[in-house]
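Notes follow once the structure below has been shown.
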Amino acid sequence: MKPRLVLDTNVLVTALCNQDGASHLLIRWVLADKIILSASPTLWLEYEAVIKRPEIRLRHGIALENLDIVLDTLAAHVEPVHLNYLWRPQLRDPNDEMVLETALNAGADALVTFNTKDFAKAVKRFSLKLLTPSECVKFTGEKL
């Protein structure tokens, strides 16, 4: 069974900015259909909005028109998640709520983020794994 993951936006940004890191490897595994990436429409819209910000585009250096190709390619491998249940408020940052809700509604094996501190209490309540990208590569690699 393929591991099902939800990625925080910071993981996607890092994957685009650093092709040698664990975040990028996770995206390559999604594109190779080795893992399942789940995303709700609201989370997907955040992905798109954030990676197209001028300051983020300066970091990853991908032209705006090519970002749409990247997003379309990734979207073809994403499992859409309908948010049947909302558990707000669980987190200090309201913008993080959609990431947690997507993971819970998807029945994800893990929520992957660099922001583990802000998610730590909430994921314990729901018995959801919280992993950094490098922890996830180790966790997922053992299951592949």
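To be explicit about the labels: the chains of the structure tokens are called A, B, and onward in the order shown, and within each one the residues are counted from 1, while ligands get numbers from 1 in the order they are shown.
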With only C-alpha atoms as the counted atoms, please give the residues lying no more than 12 Å from Lys117 of chain A, apart from itself and same-chain residues fewer than 2 positions off, as a PyMOL selection string. chain A and resi 91-93+96+113-115+119-124+130-132
What parts of segment 1-143 of chain A does DSSP call strand (DSSP E)? I'd like the answer as a ChimeraX atom specification. /A:4-7,36-39,78-80,110-112,129-131
Dump as a PDB file, in the first residue's frame, selection limited to C-alpha atoms:
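Written output follows (again-v4.pdb):
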```
ATOM      1  CA  ARG A   4      -0.596   8.801   1.707  1.00  0.00           C
ATOM      2  CA  LEU A   5       0.859  12.202   2.581  1.00  0.00           C
ATOM      3  CA  VAL A   6      -0.258  15.799   2.926  1.00  0.00           C
ATOM      4  CA  LEU A   7       2.478  18.363   2.378  1.00  0.00           C
ATOM      5  CA  ILE A  36       0.002   9.415  -2.757  1.00  0.00           C
ATOM      6  CA  LEU A  37      -0.142  13.181  -2.335  1.00  0.00           C
ATOM      7  CA  SER A  38      -3.520  14.323  -1.036  1.00  0.00           C
ATOM      8  CA  ALA A  39      -4.694  17.933  -1.268  1.00  0.00           C
ATOM      9  CA  VAL A  78      -2.786  14.388  -6.594  1.00  0.00           C
ATOM     10  CA  GLU A  79      -5.629  12.660  -4.820  1.00  0.00           C
ATOM     11  CA  PRO A  80      -8.312  15.312  -4.218  1.00  0.00           C
ATOM     12  CA  ALA A 110       1.574  11.659   7.732  1.00  0.00           C
ATOM     13  CA  LEU A 111       1.481  15.431   7.567  1.00  0.00           C
ATOM     14  CA  VAL A 112       4.850  16.665   6.275  1.00  0.00           C
ATOM     15  CA  LYS A 129       2.179  11.304  12.217  1.00  0.00           C
ATOM     16  CA  LEU A 130       3.986  14.624  11.934  1.00  0.00           C
ATOM     17  CA  LEU A 131       7.229  14.464   9.967  1.00  0.00           C
TER      18      LEU A 131
END
```
Between atom CA of Pro3 of chain A and atom CA of Thr140 of chain A - distance in Å to one decimal: 6.6 Å
Select from segment 90-139 of chain A everything DSSP, run on the backbone, classes as alpha helix (DSSP H), then give the selection as an NGL selection string. :A and (97-106 or 116-126 or 133-139)
Restricting the calculation to only C-alpha atoms, which member of A:Leu128, A:Val137, A:Ala103, A:Leu67 is positioned closest to Ser40 of chain A? A:Ala103
